[in-house]
Structures are given as C-alpha cells and as structure tokens.
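The block underneath contains the structure these notes are about, expressed in structure tokens.
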Amino acid sequence: MSYNLPCVLMRGGTSRGPFFLADWLPQDPAARDRTLIAALGSPHELQIDGLGGGNSLTSKVAIVSRSVHADCDVDYLFAQVSVEEARVDTRPNCGNMLAGVGPFAIEQGLVPASGHGNTTTVRVYNVNTRSRIDVQVCTAGGRVHYEGDVHIDGVQGTAAPVLMNFLDAWGAVTGQIFPTGQRIDTLHGLQVTCIDAAQVMVLVRAADLGLRGNEGPAELDANSGLLRRLEALRCEAGLRMGMGDVSNSVLPKPVIVSAGDQPGSVVSRYFTPHRCHRSHAVTGAIGVAAAHVLPGTVITDSLQHATAGTRRVEVLHPAGRIHVDVELTDVDGQFKLVQAALVRTARKILEGTLFVSENAFTH
C-alpha cells in the first residue's frame, strides 16, 4: 500500500526538488523526515526509487505554508535529504530552491498575484535561519510567468527573472556574522574566515591548500587528501563557532576562495559539504560576497576600500558567475551588512501525485 501526496517538482536556480504545502505532509517531524527520505529515494547513490537525482543539488525539498509572522506572507522550511544516508538536515537554508517559493506560493493560492504592474513581491520567512527575504515574481496578467529572457549560469536556456533580496540573514544561525569573534582564525595551521552571512561557512584560501583556485569539481572531488583536510577544518570551525559536533550536519560549508579576474570578483569553490558544488549555492554566494566587501577577512578586496553604499561582487564558480549586490552601512566607523540582492530563475517541471510507501509513515 502507498500513500498519495500532492507534489510539485520545481527547479529553483541551479537546484531541483519537490515542493510541498506543509499541510500535505505529516506534522510530526520524524514522520515528515521519513516521508521525505522515501520521496527522494534515499538512501541510494542513484535514488532510483524516488525523485532524487543522485546528487545533493537534486535531493532538496521545500515546505511552504502561510506565515505565522505578521510581516511575512509565507514560511519556507528547506530540507536537505542525504543521498546515501537516511538523514534529513533542516539547519541550512537554500537560496536556489528559494527562487521557486514565490511562484509556488502564488500558484497554490497562499499569496494573490498583484493586480497592478507585472510583478508580485512575496515576503518569505525562512524557518531554518529565522530570516526574511523579498522574492519578486513575474505575474503579468495576474498569473505566474516562467518564460523569459534571463539566463543564469548552470542552467540551459532562459526564463523569467526572480529577484531575491535578503534582508536580515546576518548571523541568523550562530547569532553573529563572525561567530568566533575574529575575522581570521588559524585552524590546523591554515588561516580561515568563519562567517554566518546567509549561509554558515568556513572560507580558506586556495593557495594555502596548494591549489590554483580554478580547479573543476571533478578534480577537487577526486583529491581525497584535500577532502579530508576540508572536513577537519569544517569540524573544527563548527566547534569554534559554537555549533558543537557538526560531523552529521551539512553546516558549516567549506569554501575555497581566491582572487577573481578583475576588481570586485572572487573565485569560489563551494562544498556541499563533501562534494564540490557544480555551480554555487545562492546563500553561499552572498556569504562570499559579504566576506569580500567587509575588511579583515581571508578574501577581503585588496583593491577597493570598504565604503557605505551598494557594491556589486561577481562570484566566479565552475559553471559561470553570480552577481551579488551587497549594501553596507557605516555605523561609527564599523561597516555592517544591510541587505544583499541577486537574480535567479525558476521553473515548474511537473505537478501531480507522489506515491510514498506506507512504511515511511508507519516505520
């Protein structure tokens, strides 16, 4: 016997996964997680018996509901389902999947499409990181438009733009943007920056690891010695940031950084955390951009001084570039993050009924 669940499969940015209304899933977190594991087909390297694609980028879930917060429209809980383990992690956020939340919420009737103009702004509360994001969706004629002329690196073709403005994701998980109290720490003999800005990460210079910085994901994933060093850094960084034992969590994310090809650009290799991302996490790109414009980090822009106002940072990843606009304010000589914005795209792939084994509910 199987249970039937409504489901919408969507691409959000460079990620993909099922989107659910919270009411469609079991309310008990343990039962919900068992359901998600079964839905994606884990644990199996190919996720052959579910919707997953055998990669962390295609083993993601978005759970959406009307917001319980007066200043937000919807609540968004992101779930990262492990491919090869029966495990679900709801500690991180995913900015790529976030690109699908606005369109999904409008089409499911949680937010009305604007009757004026060609766009609708959906204020999203990310439950994972307790932060707010304004998501602007194309809704000409009162309906969601997926077709458009915007191309993002890592996705073939073009689609309608989804503008995302992160309002207060700074220190959302750990309580501080620099959780160790330092902008540079020394871990295992390496200088790193531990940062909590839209994503919790530990940044390390490529040169300090004996790398060029522009290596591809396959080359990095094949370097077992490098992966062991990154995991050791990640676990030590988790302790330093007050997160405890992170060996069974995807946070913090290790990121290898180096100078870009022009002022205002950074080369980044983002790990998820045990494989190199084939492109780049949106939240990770915001964190890298923040570290670039703030003084005193391992990747601070040495060619431009920090100034109040908006700076554009290009984050160069294996599939291309992400442009992030970071706004800083000067408070008594200390630069602070105000907001960060970038453009993604999304597409609804299919909508229908998902069949999940009864064992997922009763185990």
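All residue names refer to the structure tokens as shown: chains lettered A, B, ... in order, residues numbered from 1 in each chain, ligands numbered from 1 in order.
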Would you pick out the contacts of region 234-243 of chain A at 6 Å or less, using only C-alpha atoms, so that residues sharing its chain but fewer than 2 positions from it are not included, and give the list as a PDB file with all heavy atoms, in the first residue's frame?
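Saved result, selection26.pdb, follows:
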```
ATOM      1  N   PRO A 179      31.153  34.378  13.858  1.00  0.00           N
ATOM      2  CA  PRO A 179      30.770  33.671  15.096  1.00  0.00           C
ATOM      3  C   PRO A 179      31.909  33.426  16.077  1.00  0.00           C
ATOM      4  O   PRO A 179      31.653  33.266  17.270  1.00  0.00           O
ATOM      5  CB  PRO A 179      30.214  32.336  14.579  1.00  0.00           C
ATOM      6  CG  PRO A 179      29.855  32.594  13.146  1.00  0.00           C
ATOM      7  CD  PRO A 179      30.835  33.596  12.651  1.00  0.00           C
ATOM      8  N   THR A 180      33.163  33.387  15.613  1.00  0.00           N
ATOM      9  CA  THR A 180      34.275  33.160  16.532  1.00  0.00           C
ATOM     10  C   THR A 180      34.724  34.449  17.210  1.00  0.00           C
ATOM     11  O   THR A 180      35.569  34.426  18.110  1.00  0.00           O
ATOM     12  CB  THR A 180      35.487  32.558  15.805  1.00  0.00           C
ATOM     13  OG1 THR A 180      36.042  33.532  14.917  1.00  0.00           O
ATOM     14  CG2 THR A 180      35.103  31.306  15.034  1.00  0.00           C
ATOM     15  N   LEU A 230      39.589  19.440   4.340  1.00  0.00           N
ATOM     16  CA  LEU A 230      38.411  20.307   4.419  1.00  0.00           C
ATOM     17  C   LEU A 230      37.454  19.836   5.505  1.00  0.00           C
ATOM     18  O   LEU A 230      36.865  20.655   6.224  1.00  0.00           O
ATOM     19  CB  LEU A 230      37.699  20.352   3.065  1.00  0.00           C
ATOM     20  CG  LEU A 230      38.415  21.092   1.926  1.00  0.00           C
ATOM     21  CD1 LEU A 230      37.583  21.025   0.656  1.00  0.00           C
ATOM     22  CD2 LEU A 230      38.695  22.546   2.299  1.00  0.00           C
ATOM     23  N   GLU A 231      37.297  18.515   5.639  1.00  0.00           N
ATOM     24  CA  GLU A 231      36.393  18.007   6.678  1.00  0.00           C
ATOM     25  C   GLU A 231      36.950  18.304   8.070  1.00  0.00           C
ATOM     26  O   GLU A 231      36.190  18.660   8.997  1.00  0.00           O
ATOM     27  CB  GLU A 231      36.164  16.508   6.490  1.00  0.00           C
ATOM     28  CG  GLU A 231      35.220  15.881   7.504  1.00  0.00           C
ATOM     29  CD  GLU A 231      33.795  16.425   7.474  1.00  0.00           C
ATOM     30  OE1 GLU A 231      33.453  17.216   6.553  1.00  0.00           O
ATOM     31  OE2 GLU A 231      33.016  16.074   8.383  1.00  0.00           O
ATOM     32  N   ALA A 232      38.261  18.174   8.225  1.00  0.00           N
ATOM     33  CA  ALA A 232      38.863  18.512   9.522  1.00  0.00           C
ATOM     34  C   ALA A 232      38.673  19.992   9.836  1.00  0.00           C
ATOM     35  O   ALA A 232      38.337  20.366  10.976  1.00  0.00           O
ATOM     36  CB  ALA A 232      40.345  18.145   9.512  1.00  0.00           C
ATOM     37  N   VAL A 246      29.621  18.813  14.340  1.00  0.00           N
ATOM     38  CA  VAL A 246      28.903  19.016  13.073  1.00  0.00           C
ATOM     39  C   VAL A 246      29.166  17.884  12.086  1.00  0.00           C
ATOM     40  O   VAL A 246      28.850  18.005  10.909  1.00  0.00           O
ATOM     41  CB  VAL A 246      29.297  20.369  12.426  1.00  0.00           C
ATOM     42  CG1 VAL A 246      28.904  21.530  13.318  1.00  0.00           C
ATOM     43  CG2 VAL A 246      30.795  20.414  12.103  1.00  0.00           C
TER      44      VAL A 246
END
```
Using only C-alpha atoms, which residues of region 118-145 of chain A come within 12 Å of region 329-350 of chain A, and what is the closest atom pair for each, with the distance in Å to one decimal? Give it as CSV, sorted by chain and residue number.
```
residue,atom,partner,partner_atom,distance
A:Ser131,CA,A:Gln339,CA,11.4
A:Arg132,CA,A:Gln339,CA,10.4
A:Ile133,CA,A:Ala341,CA,9.4
A:Asp134,CA,A:Ala341,CA,9.3
A:Val135,CA,A:Val343,CA,9.6
A:Gln136,CA,A:Val343,CA,9.5
A:Val137,CA,A:Thr345,CA,9.4
A:Cys138,CA,A:Thr345,CA,10.3
A:Val144,CA,A:Arg347,CA,10.2
A:His145,CA,A:Arg347,CA,9.1
```
Take the selection from the previous step and output its residues with C-alpha atoms, as a PDB file, in the first residue's frame.
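Result written to part_25.pdb:
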```
ATOM      1  CA  SER A 131      15.406  35.462   8.303  1.00  0.00           C
ATOM      2  CA  ARG A 132      13.304  37.357   5.767  1.00  0.00           C
ATOM      3  CA  ILE A 133      13.673  37.544   2.006  1.00  0.00           C
ATOM      4  CA  ASP A 134      11.643  39.553  -0.505  1.00  0.00           C
ATOM      5  CA  VAL A 135      11.074  37.464  -3.646  1.00  0.00           C
ATOM      6  CA  GLN A 136       9.832  39.333  -6.726  1.00  0.00           C
ATOM      7  CA  VAL A 137       7.973  37.148  -9.258  1.00  0.00           C
ATOM      8  CA  CYS A 138       6.800  37.960 -12.805  1.00  0.00           C
ATOM      9  CA  VAL A 144       2.982  33.410 -12.747  1.00  0.00           C
ATOM     10  CA  HIS A 145       5.231  33.583 -15.806  1.00  0.00           C
TER      11      HIS A 145
END
```
*asked:* If we count only C-alpha atoms and set the cut-off at 6 Å, which residues sit around Glu314 (chain A), ignoring sequence neighbours fewer than 2 positions away in its own chain? Please answer as a ChimeraX atom specification.
replied: /A:265,322-323
*Where in region 68-124 of chain A does DSSP assign helix (DSSP H, G or I), given as a ChimeraX atom specification?*
/A:95-107
*Using only C-alpha atoms, determine which residues lie at most 9 Å from region 118-128 of chain A, disregarding the query and same-chain residues fewer than 6 positions distant; provide the list as JSON, numbers by chain.*
{"A": [67, 69, 71, 72, 73, 74, 75, 76, 77, 78, 79, 90, 91, 92, 93, 98, 101, 102, 103, 105, 106, 111, 112, 134, 135, 136, 137, 138, 139, 140, 141, 142, 144, 172, 173]}
*Show which residues sit within 10 Å of Ala197 (chain A), as a list in words. Count only C-alpha atoms, and ignore same-chain residues fewer than 3 positions away.*
Phe166, Asp168, Ala169, Trp170, Gly171, Ala172, Val173, Thr174, Gln176, Ile177, Phe178, Cys194, Val200, Met201, Thr283, Gly284, Ala285, Ile286, Gly287, Val288, Ala289, Ala290, Ala291, Leu337 and Ala340 of chain A
Could you produce a table of the residues of region 270-351 of chain A lying within 8 Å of region 204-214 of chain A, with the nearest pair of atoms per residue and their separation in Å rounded to one decimal, using only C-alpha atoms, ordered by chain and increasing residue number, as a Markdown table?
```
| residue | atom | partner | partner_atom | distance |
| --- | --- | --- | --- | --- |
| A:Val298 | CA | A:Arg205 | CA | 6.7 |
| A:Ile299 | CA | A:Arg205 | CA | 7.5 |
| A:Pro318 | CA | A:Asn214 | CA | 7.7 |
```
What lies within 9 Å of Gly260 (chain A) using only C-alpha atoms, ignoring chain neighbours under 4 positions off, as a PDB file with N, CA and C atoms, in the first residue's frame?
```pdb
ATOM      1  N   GLY A 264      36.583  43.410  -7.609  1.00  0.00           N
ATOM      2  CA  GLY A 264      35.189  43.114  -7.298  1.00  0.00           C
ATOM      3  C   GLY A 264      34.755  41.711  -7.664  1.00  0.00           C
ATOM      4  N   SER A 265      35.718  40.804  -7.914  1.00  0.00           N
ATOM      5  CA  SER A 265      35.344  39.429  -8.246  1.00  0.00           C
ATOM      6  C   SER A 265      36.128  38.450  -7.382  1.00  0.00           C
ATOM      7  N   VAL A 266      35.510  37.307  -7.115  1.00  0.00           N
ATOM      8  CA  VAL A 266      36.088  36.250  -6.281  1.00  0.00           C
ATOM      9  C   VAL A 266      35.864  34.914  -6.971  1.00  0.00           C
ATOM     10  N   VAL A 267      36.898  34.082  -7.004  1.00  0.00           N
ATOM     11  CA  VAL A 267      36.741  32.707  -7.462  1.00  0.00           C
ATOM     12  C   VAL A 267      36.375  31.857  -6.254  1.00  0.00           C
ATOM     13  N   SER A 268      35.314  31.088  -6.361  1.00  0.00           N
ATOM     14  CA  SER A 268      34.833  30.312  -5.226  1.00  0.00           C
ATOM     15  C   SER A 268      34.542  28.877  -5.632  1.00  0.00           C
ATOM     16  N   GLU A 314      31.158  39.893  -8.183  1.00  0.00           N
ATOM     17  CA  GLU A 314      30.987  38.742  -9.070  1.00  0.00           C
ATOM     18  C   GLU A 314      31.614  37.521  -8.402  1.00  0.00           C
ATOM     19  N   VAL A 315      30.814  36.506  -8.157  1.00  0.00           N
ATOM     20  CA  VAL A 315      31.312  35.253  -7.594  1.00  0.00           C
ATOM     21  C   VAL A 315      31.476  34.270  -8.755  1.00  0.00           C
ATOM     22  N   LEU A 316      32.725  33.924  -9.048  1.00  0.00           N
ATOM     23  CA  LEU A 316      33.034  33.039 -10.173  1.00  0.00           C
ATOM     24  C   LEU A 316      33.019  31.593  -9.692  1.00  0.00           C
TER      25      LEU A 316
END
```
*Have a look at CA of Asn96 (chain A) and CA of Gly109 (chain A) and let me know their distance in Å, one decimal.*
21.8 Å
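Distance annotation: of A:Asp221, A:Asp149, A:Asp325, A:Glu45, the residue with the minimal separation from Ser59 (chain A) is A:Glu45; atom set is only C-alpha atoms.
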